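With mmCIF, N, CA and C atoms inside, this is input_6.cif:
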```
data_entry
#
loop_
_atom_site.label_atom_id
_atom_site.label_comp_id
_atom_site.auth_asym_id
_atom_site.auth_seq_id
_atom_site.Cartn_x
_atom_site.Cartn_y
_atom_site.Cartn_z
N MET A 1 97.35 96.92 96.43
CA MET A 1 97.83 97.79 95.39
C MET A 1 97.80 99.22 95.91
N GLY A 2 98.93 99.84 95.92
CA GLY A 2 98.99 101.23 96.33
C GLY A 2 98.59 102.15 95.19
N ALA A 3 97.92 103.20 95.52
CA ALA A 3 97.58 104.24 94.55
C ALA A 3 98.18 105.53 95.06
N VAL A 4 97.69 106.67 94.61
CA VAL A 4 98.27 107.92 95.08
C VAL A 4 97.98 108.12 96.56
N GLY A 5 98.84 108.84 97.22
CA GLY A 5 98.68 109.07 98.65
C GLY A 5 99.41 108.02 99.46
N GLU A 6 99.19 108.05 100.75
CA GLU A 6 99.86 107.15 101.68
C GLU A 6 98.96 105.95 101.95
N ASP A 7 99.25 104.82 101.29
CA ASP A 7 98.44 103.62 101.45
C ASP A 7 99.14 102.62 102.34
N GLU A 8 98.34 101.88 103.10
CA GLU A 8 98.85 100.77 103.90
C GLU A 8 98.45 99.48 103.21
N LEU A 9 99.45 98.68 102.83
CA LEU A 9 99.21 97.42 102.13
C LEU A 9 99.44 96.27 103.09
N ARG A 10 98.45 95.40 103.17
CA ARG A 10 98.50 94.28 104.12
C ARG A 10 98.06 93.02 103.40
N GLY A 11 98.81 91.95 103.59
CA GLY A 11 98.47 90.67 102.95
C GLY A 11 97.80 89.69 103.87
N ASP A 12 98.02 89.82 105.16
CA ASP A 12 97.42 88.95 106.17
C ASP A 12 97.75 87.48 106.00
N GLY A 13 99.02 87.18 105.79
CA GLY A 13 99.48 85.79 105.78
C GLY A 13 99.43 85.17 104.40
N GLY A 14 100.15 84.05 104.27
CA GLY A 14 100.22 83.37 102.99
C GLY A 14 101.11 84.12 102.02
N SER A 15 101.12 83.66 100.78
CA SER A 15 101.91 84.30 99.74
C SER A 15 101.11 85.46 99.15
N ASP A 16 101.70 86.65 99.15
CA ASP A 16 100.98 87.85 98.72
C ASP A 16 101.76 88.58 97.63
N LEU A 17 101.02 89.35 96.85
CA LEU A 17 101.59 90.24 95.86
C LEU A 17 101.26 91.67 96.26
N PHE A 18 102.28 92.49 96.43
CA PHE A 18 102.10 93.89 96.78
C PHE A 18 102.55 94.74 95.60
N MET A 19 101.72 95.67 95.16
CA MET A 19 102.09 96.52 94.04
C MET A 19 102.40 97.93 94.53
N LEU A 20 103.62 98.36 94.26
CA LEU A 20 104.04 99.73 94.52
C LEU A 20 104.07 100.43 93.17
N ARG A 21 102.98 101.12 92.86
CA ARG A 21 102.85 101.74 91.54
C ARG A 21 103.77 102.95 91.41
N THR A 22 104.32 103.08 90.24
CA THR A 22 105.21 104.20 89.96
C THR A 22 104.63 105.11 88.88
N ASP A 23 103.45 104.78 88.40
CA ASP A 23 102.89 105.44 87.22
C ASP A 23 101.74 106.39 87.52
N GLU A 24 101.30 106.47 88.74
CA GLU A 24 100.04 107.16 89.05
C GLU A 24 100.28 108.54 89.66
N THR A 25 99.60 109.53 89.11
CA THR A 25 99.54 110.86 89.72
C THR A 25 98.09 111.33 89.64
N HIS A 26 97.66 112.08 90.64
CA HIS A 26 96.27 112.53 90.67
C HIS A 26 96.15 113.72 91.60
N TYR A 27 95.69 114.84 91.10
CA TYR A 27 95.44 116.05 91.89
C TYR A 27 96.64 116.44 92.76
N GLY A 28 97.82 116.39 92.19
CA GLY A 28 99.00 116.81 92.91
C GLY A 28 99.65 115.73 93.76
N TYR A 29 99.02 114.56 93.86
CA TYR A 29 99.60 113.44 94.59
C TYR A 29 100.26 112.49 93.60
N ALA A 30 101.30 111.83 94.04
CA ALA A 30 102.00 110.88 93.18
C ALA A 30 102.40 109.66 93.99
N ASN A 31 102.59 108.56 93.30
CA ASN A 31 103.07 107.37 93.98
C ASN A 31 104.54 107.48 94.34
N LEU A 32 105.32 108.05 93.45
CA LEU A 32 106.73 108.24 93.75
C LEU A 32 106.89 109.53 94.54
N VAL A 33 107.53 109.42 95.69
CA VAL A 33 107.67 110.57 96.58
C VAL A 33 109.13 110.74 96.99
N SER A 34 109.43 111.87 97.57
CA SER A 34 110.81 112.16 97.95
C SER A 34 111.13 111.82 99.40
N ASN A 35 110.10 111.51 100.22
CA ASN A 35 110.39 111.14 101.61
C ASN A 35 109.55 109.94 102.02
N ALA A 36 110.10 109.13 102.91
CA ALA A 36 109.47 107.88 103.31
C ALA A 36 108.15 108.08 104.05
N VAL A 37 107.97 109.20 104.71
CA VAL A 37 106.74 109.46 105.46
C VAL A 37 105.52 109.50 104.53
N ALA A 38 105.70 109.99 103.31
CA ALA A 38 104.60 110.14 102.36
C ALA A 38 104.42 108.92 101.46
N ALA A 39 105.21 107.87 101.66
CA ALA A 39 105.19 106.70 100.78
C ALA A 39 104.16 105.66 101.22
N ASP A 40 103.75 104.82 100.25
CA ASP A 40 102.94 103.64 100.59
C ASP A 40 103.76 102.73 101.48
N ARG A 41 103.07 101.99 102.37
CA ARG A 41 103.76 101.12 103.32
C ARG A 41 103.20 99.70 103.24
N ILE A 42 104.10 98.75 103.10
CA ILE A 42 103.75 97.33 103.19
C ILE A 42 104.02 96.94 104.63
N VAL A 43 102.97 96.51 105.34
CA VAL A 43 103.11 96.35 106.78
C VAL A 43 103.30 94.89 107.23
N ASP A 44 103.11 93.93 106.35
CA ASP A 44 103.30 92.54 106.80
C ASP A 44 103.92 91.66 105.72
N CYS A 45 104.99 92.14 105.14
CA CYS A 45 105.67 91.41 104.07
C CYS A 45 106.49 90.26 104.64
N ASN A 46 106.38 89.11 104.00
CA ASN A 46 107.23 87.97 104.29
C ASN A 46 108.13 87.81 103.07
N ALA A 47 109.37 88.21 103.18
CA ALA A 47 110.28 88.24 102.03
C ALA A 47 110.57 86.86 101.46
N ALA A 48 110.24 85.80 102.18
CA ALA A 48 110.44 84.45 101.66
C ALA A 48 109.26 83.98 100.81
N GLU A 49 108.08 84.59 100.98
CA GLU A 49 106.89 84.14 100.27
C GLU A 49 106.25 85.20 99.38
N ASP A 50 106.38 86.46 99.72
CA ASP A 50 105.66 87.53 99.03
C ASP A 50 106.49 88.11 97.89
N TYR A 51 105.77 88.80 96.99
CA TYR A 51 106.41 89.51 95.89
C TYR A 51 106.01 90.98 95.94
N VAL A 52 106.92 91.84 95.51
CA VAL A 52 106.64 93.26 95.37
C VAL A 52 106.71 93.57 93.87
N ILE A 53 105.63 94.12 93.33
CA ILE A 53 105.54 94.42 91.92
C ILE A 53 105.72 95.93 91.75
N THR A 54 106.65 96.32 90.88
CA THR A 54 106.89 97.74 90.64
C THR A 54 106.76 98.03 89.14
N PRO A 55 105.53 98.28 88.68
CA PRO A 55 105.35 98.59 87.26
C PRO A 55 105.96 99.95 86.91
N GLY A 56 106.29 100.11 85.65
CA GLY A 56 106.88 101.36 85.21
C GLY A 56 108.38 101.41 85.40
N VAL A 57 108.96 100.32 85.89
CA VAL A 57 110.41 100.22 86.08
C VAL A 57 110.90 99.13 85.14
N SER A 58 111.82 99.47 84.26
CA SER A 58 112.21 98.52 83.22
C SER A 58 113.24 97.48 83.65
N SER A 59 114.00 97.77 84.70
CA SER A 59 115.10 96.88 85.07
C SER A 59 115.34 96.91 86.57
N HIS A 60 115.86 95.81 87.09
CA HIS A 60 116.26 95.79 88.49
C HIS A 60 117.39 96.79 88.76
N ASN A 61 118.10 97.18 87.71
CA ASN A 61 119.16 98.18 87.87
C ASN A 61 118.60 99.53 88.30
N ASP A 62 117.30 99.73 88.14
CA ASP A 62 116.66 101.00 88.52
C ASP A 62 115.94 100.92 89.86
N VAL A 63 116.12 99.82 90.59
CA VAL A 63 115.49 99.63 91.91
C VAL A 63 116.60 99.56 92.95
N TYR A 64 116.43 100.33 94.02
CA TYR A 64 117.41 100.39 95.10
C TYR A 64 116.71 100.16 96.43
N TYR A 65 117.44 99.63 97.39
CA TYR A 65 116.89 99.37 98.71
C TYR A 65 117.76 100.06 99.75
N ASP A 66 117.15 100.88 100.58
CA ASP A 66 117.84 101.51 101.69
C ASP A 66 117.23 101.00 102.99
N VAL A 67 118.06 100.83 103.98
CA VAL A 67 117.60 100.39 105.30
C VAL A 67 117.45 101.62 106.19
N GLU A 68 116.27 101.73 106.80
CA GLU A 68 116.02 102.76 107.81
C GLU A 68 115.46 102.06 109.04
N GLY A 69 116.32 101.84 110.03
CA GLY A 69 115.92 101.07 111.21
C GLY A 69 115.63 99.64 110.80
N ASN A 70 114.42 99.15 111.09
CA ASN A 70 114.03 97.80 110.69
C ASN A 70 113.29 97.78 109.36
N ASP A 71 113.11 98.93 108.74
CA ASP A 71 112.34 99.05 107.51
C ASP A 71 113.24 99.12 106.29
N THR A 72 112.68 98.70 105.16
CA THR A 72 113.38 98.79 103.88
C THR A 72 112.65 99.79 103.00
N VAL A 73 113.37 100.77 102.51
CA VAL A 73 112.81 101.79 101.63
C VAL A 73 113.12 101.37 100.19
N VAL A 74 112.06 101.22 99.38
CA VAL A 74 112.22 100.82 97.98
C VAL A 74 112.26 102.09 97.14
N LYS A 75 113.39 102.30 96.46
CA LYS A 75 113.57 103.50 95.64
C LYS A 75 113.72 103.09 94.18
N VAL A 76 113.29 103.99 93.31
CA VAL A 76 113.47 103.75 91.88
C VAL A 76 114.12 104.97 91.23
N TRP A 77 114.89 104.70 90.19
CA TRP A 77 115.51 105.75 89.40
C TRP A 77 114.57 106.06 88.25
N THR A 78 114.15 107.31 88.13
CA THR A 78 113.19 107.72 87.11
C THR A 78 113.87 108.13 85.80
N GLY A 79 115.17 108.15 85.78
CA GLY A 79 115.90 108.68 84.63
C GLY A 79 116.37 110.10 84.91
N GLN A 80 115.77 110.72 85.92
CA GLN A 80 116.15 112.07 86.32
C GLN A 80 116.51 112.16 87.79
N GLU A 81 115.83 111.34 88.59
CA GLU A 81 116.08 111.39 90.04
C GLU A 81 115.66 110.08 90.68
N GLU A 82 116.17 109.86 91.90
CA GLU A 82 115.80 108.69 92.68
C GLU A 82 114.65 109.07 93.60
N LEU A 83 113.53 108.34 93.50
CA LEU A 83 112.35 108.60 94.33
C LEU A 83 111.91 107.33 95.04
N ILE A 84 111.10 107.49 96.06
CA ILE A 84 110.66 106.37 96.88
C ILE A 84 109.33 105.84 96.35
N ALA A 85 109.31 104.53 96.09
CA ALA A 85 108.07 103.85 95.65
C ALA A 85 107.29 103.34 96.85
N GLY A 86 107.98 103.00 97.94
CA GLY A 86 107.29 102.50 99.12
C GLY A 86 108.25 102.08 100.20
N VAL A 87 107.68 101.73 101.34
CA VAL A 87 108.44 101.27 102.50
C VAL A 87 107.91 99.90 102.89
N ILE A 88 108.81 98.96 103.11
CA ILE A 88 108.44 97.64 103.60
C ILE A 88 108.84 97.59 105.06
N GLU A 89 107.84 97.52 105.93
CA GLU A 89 108.11 97.59 107.37
C GLU A 89 108.65 96.27 107.92
N GLY A 90 109.68 96.39 108.76
CA GLY A 90 110.14 95.29 109.60
C GLY A 90 110.87 94.16 108.94
N ILE A 91 111.37 94.30 107.71
CA ILE A 91 112.05 93.16 107.09
C ILE A 91 113.57 93.31 107.03
N ALA A 92 114.09 94.48 107.34
CA ALA A 92 115.54 94.68 107.28
C ALA A 92 116.22 93.80 108.32
N ASN A 93 117.33 93.19 107.90
CA ASN A 93 118.08 92.29 108.78
C ASN A 93 119.34 92.92 109.34
N GLY A 94 119.41 94.21 109.33
CA GLY A 94 120.59 94.91 109.81
C GLY A 94 120.84 96.11 108.93
N PRO A 95 121.84 96.90 109.27
CA PRO A 95 122.06 98.17 108.57
C PRO A 95 122.42 98.02 107.09
N PHE A 96 122.91 96.85 106.67
CA PHE A 96 123.33 96.67 105.28
C PHE A 96 122.57 95.56 104.57
N ASP A 97 121.54 95.00 105.20
CA ASP A 97 120.75 93.91 104.61
C ASP A 97 119.28 94.30 104.60
N PRO A 98 118.75 94.69 103.43
CA PRO A 98 117.36 95.15 103.38
C PRO A 98 116.33 94.05 103.59
N GLY A 99 116.75 92.79 103.60
CA GLY A 99 115.81 91.70 103.87
C GLY A 99 115.00 91.27 102.66
N ILE A 100 115.26 91.86 101.49
CA ILE A 100 114.56 91.47 100.27
C ILE A 100 115.57 91.49 99.12
N THR A 101 115.38 90.60 98.17
CA THR A 101 116.27 90.53 97.03
C THR A 101 115.49 90.74 95.74
N ASP A 102 116.23 90.96 94.66
CA ASP A 102 115.60 91.22 93.37
C ASP A 102 114.69 90.08 92.92
N ASN A 103 114.96 88.85 93.36
CA ASN A 103 114.10 87.75 92.91
C ASN A 103 112.70 87.80 93.52
N ARG A 104 112.46 88.67 94.49
CA ARG A 104 111.13 88.86 95.07
C ARG A 104 110.49 90.17 94.61
N VAL A 105 111.18 90.89 93.73
CA VAL A 105 110.67 92.16 93.20
C VAL A 105 110.50 92.01 91.69
N ILE A 106 109.28 92.21 91.22
CA ILE A 106 108.96 92.02 89.81
C ILE A 106 108.95 93.39 89.13
N VAL A 107 109.72 93.50 88.05
CA VAL A 107 109.81 94.74 87.28
C VAL A 107 109.63 94.40 85.79
N GLY A 108 109.69 95.42 84.95
CA GLY A 108 109.68 95.22 83.51
C GLY A 108 108.32 94.88 82.95
N GLY A 109 108.32 94.19 81.84
CA GLY A 109 107.08 93.87 81.12
C GLY A 109 106.08 93.09 81.94
N LEU A 110 106.54 92.14 82.74
CA LEU A 110 105.62 91.36 83.57
C LEU A 110 104.92 92.25 84.59
N ALA A 111 105.67 93.12 85.25
CA ALA A 111 105.07 94.03 86.23
C ALA A 111 104.08 94.96 85.54
N ASP A 112 104.43 95.45 84.37
CA ASP A 112 103.52 96.35 83.64
C ASP A 112 102.24 95.63 83.24
N GLN A 113 102.36 94.38 82.79
CA GLN A 113 101.17 93.62 82.39
C GLN A 113 100.28 93.31 83.58
N ILE A 114 100.85 92.96 84.72
CA ILE A 114 100.07 92.72 85.93
C ILE A 114 99.33 93.99 86.31
N ASN A 115 100.00 95.13 86.21
CA ASN A 115 99.38 96.41 86.54
C ASN A 115 98.17 96.67 85.63
N VAL A 116 98.30 96.46 84.34
CA VAL A 116 97.20 96.69 83.40
C VAL A 116 96.03 95.75 83.69
N ASP A 117 96.34 94.47 83.88
CA ASP A 117 95.27 93.47 84.04
C ASP A 117 94.58 93.53 85.39
N THR A 118 95.23 94.10 86.38
CA THR A 118 94.63 94.18 87.73
C THR A 118 94.23 95.60 88.09
N ASN A 119 94.16 96.48 87.13
CA ASN A 119 93.93 97.89 87.40
C ASN A 119 92.51 98.19 87.87
N SER A 120 91.63 97.23 87.77
CA SER A 120 90.26 97.45 88.25
C SER A 120 89.73 96.17 88.86
N VAL A 121 88.70 96.31 89.65
CA VAL A 121 88.05 95.14 90.26
C VAL A 121 87.48 94.24 89.17
N ASP A 122 87.08 94.82 88.05
CA ASP A 122 86.50 94.03 86.97
C ASP A 122 87.44 92.92 86.50
N GLY A 123 88.73 93.19 86.50
CA GLY A 123 89.69 92.17 86.09
C GLY A 123 89.56 90.92 86.92
N PHE A 124 89.36 91.07 88.23
CA PHE A 124 89.23 89.92 89.12
C PHE A 124 87.82 89.31 89.06
N LEU A 125 86.82 90.14 88.80
CA LEU A 125 85.45 89.61 88.67
C LEU A 125 85.33 88.75 87.43
N ILE A 126 85.95 89.17 86.35
CA ILE A 126 85.92 88.40 85.11
C ILE A 126 86.75 87.12 85.26
N ASN A 127 87.87 87.22 85.94
CA ASN A 127 88.77 86.08 86.09
C ASN A 127 89.35 86.06 87.51
N PRO A 128 88.68 85.37 88.45
CA PRO A 128 89.16 85.36 89.84
C PRO A 128 90.54 84.73 90.01
N ASN A 129 90.99 83.96 89.03
CA ASN A 129 92.30 83.33 89.10
C ASN A 129 93.34 84.08 88.27
N LEU A 130 93.11 85.36 88.08
CA LEU A 130 93.93 86.17 87.21
C LEU A 130 95.42 86.07 87.53
N LEU A 131 95.79 86.16 88.78
CA LEU A 131 97.21 86.14 89.14
C LEU A 131 97.87 84.80 88.87
N PHE A 132 97.10 83.72 88.91
CA PHE A 132 97.67 82.40 88.60
C PHE A 132 98.15 82.36 87.15
N GLU A 133 97.52 83.12 86.27
CA GLU A 133 97.92 83.15 84.87
C GLU A 133 99.34 83.73 84.69
N PHE A 134 99.78 84.49 85.67
CA PHE A 134 101.14 85.06 85.61
C PHE A 134 102.17 84.15 86.28
N GLY A 135 101.73 82.99 86.76
CA GLY A 135 102.66 82.04 87.35
C GLY A 135 102.80 82.14 88.86
N PHE A 136 101.86 82.80 89.52
CA PHE A 136 101.94 82.94 90.98
C PHE A 136 100.92 82.05 91.64
#
```
Please lay out the structure from this file as structure tokens.
Amino acid sequence: MGAVGEDELRGDGGSDLFMLRTDETHYGYANLVSNAVAADRIVDCNAAEDYVITPGVSSHNDVYYDVEGNDTVVKVWTGQEELIAGVIEGIANGPFDPGITDNRVIVGGLADQINVDTNSVDGFLINPNLLFEFGF
């Protein structure tokens, strides 16, 4: 789960859930940024098995993917501007194929509920199988 600042997200194999938060700001830092260098980075995403959760985004129509080299930049429309939620390293399949599709990106009410329920370690301590309740 990325928070404010430049976080490195790693799943280390298997099916993983990566959260690129769009709702967090703290002491001048924000999750949504204007350049890829300052964004959270998913460093070992497997687009066939993993999911990217983007809470605070109501529709896939507000999520965009840009290819930069071998990386995919995940952008969201805030209603006022397009900002970067994160970078997924090494999954782009060419200049026009970001290597990930909307069916691997969770938005809307489900993403928001996952964000609320997993917002602290206590959520997992109380229910270690928390993510299975969401169908994963």
**OP:** Name the closest residue to Asp66 in chain A among the candidates A:Ser15, A:Thr78, A:Asn46, A:Asn93; distances are taken between atoms, counting only C-alpha atoms.
**Re:** A:Asn93
**OP:** Name the residues captured by the PyMOL selection byres ((chain A and resi 107-118) around 5) when it is applied to the shown file; answer as a ChimeraX atom specification.
**Re:** /A:54-55,57-59,105-106,119-120
Closest pair table for range 30-61 of chain A residues within 6 Å of range 6-14 of chain A, all atoms listed in the file, as a Markdown table:
```
| residue | atom | partner | partner_atom | distance |
| --- | --- | --- | --- | --- |
| A:Ala38 | C | A:Glu6 | CA | 4.9 |
| A:Ala39 | C | A:Glu6 | CA | 4.6 |
| A:Asp40 | CA | A:Asp7 | N | 3.9 |
| A:Arg41 | C | A:Leu9 | N | 3.9 |
| A:Ile42 | CA | A:Leu9 | C | 4.4 |
| A:Val43 | N | A:Leu9 | C | 4.2 |
| A:Asp44 | N | A:Arg10 | CA | 5.1 |
| A:Glu49 | C | A:Gly14 | C | 5.9 |
```
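One distance worth recording is that between atom C of Asp50 in chain A and atom C of Gln80 in chain A, which is 27.9 Å.
Reported to one decimal place, the separation of CA of Arg104 in chain A from atom N of Asp16 in chain A is 10.5 Å.
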Subject >> DSSP-assigned helix (DSSP H, G or I) members of range 11-128 of chain A, reported as a ChimeraX atom specification >> reply: /A:36-38,60-62,102-104,108-117,121-126
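Atom to atom, CA of Met19 in chain A and atom N of Gly94 in chain A stand 23.2 Å apart.
With only N, CA and C atoms taken into account, the protein and nucleic acid residues at most 6 Å from range 71-73 of chain A (excluding it and anything under 2 positions from it in its own chain) are Tyr64, Tyr65, Asp66, Val67, Glu68, Gly69, Lys75, Gly86, Val87, Ile88, Glu89, Gly90, Ile91, Ala92 and Pro98 of chain A.
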Take every atom of range 48-67 of chain A listed in the file, pad by 3 Å on each side, and give me the axis-aligned box centre and edge lengths in Å, one decimal, as JSON.
```
{"center_x": 112.3, "center_y": 92.8, "center_z": 94.7, "size_x": 19.8, "size_y": 23.6, "size_z": 29.0}
```
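With only C-alpha atoms taken into account, the protein and nucleic acid residues at most 7 Å from Leu32 in chain A (excluding it and anything under 5 positions from it in its own chain) are A:Thr22, A:Leu83, A:Ile84, A:Ala85.
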Could the residues in this selection be written to a file with N, CA and C atoms, as a compact mmCIF listing (two decimals), keeping the file's coordinate frame?
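Output contents, as saved in result-v2.txt:
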```txt
# COMPACT_ATOMS: atom_id res chain seq x y z
N THR A 22 104.32 103.08 90.24
CA THR A 22 105.21 104.20 89.96
C THR A 22 104.63 105.11 88.88
N LEU A 83 113.53 108.34 93.50
CA LEU A 83 112.35 108.60 94.33
C LEU A 83 111.91 107.33 95.04
N ILE A 84 111.10 107.49 96.06
CA ILE A 84 110.66 106.37 96.88
C ILE A 84 109.33 105.84 96.35
N ALA A 85 109.31 104.53 96.09
CA ALA A 85 108.07 103.85 95.65
C ALA A 85 107.29 103.34 96.85
```
**OP:** Run DSSP on the backbone and grab whatever in range 48-78 of chain A lands in strand (DSSP E); send it over as an NGL selection string.
**Re:** :A and (51-53 or 63-68 or 71-77)
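With distances taken over all atoms listed in the file, A:Asn103 is the one residue among A:Trp77, A:Asn103, A:Phe96, A:Asn70 lying closest to Val52 in chain A.
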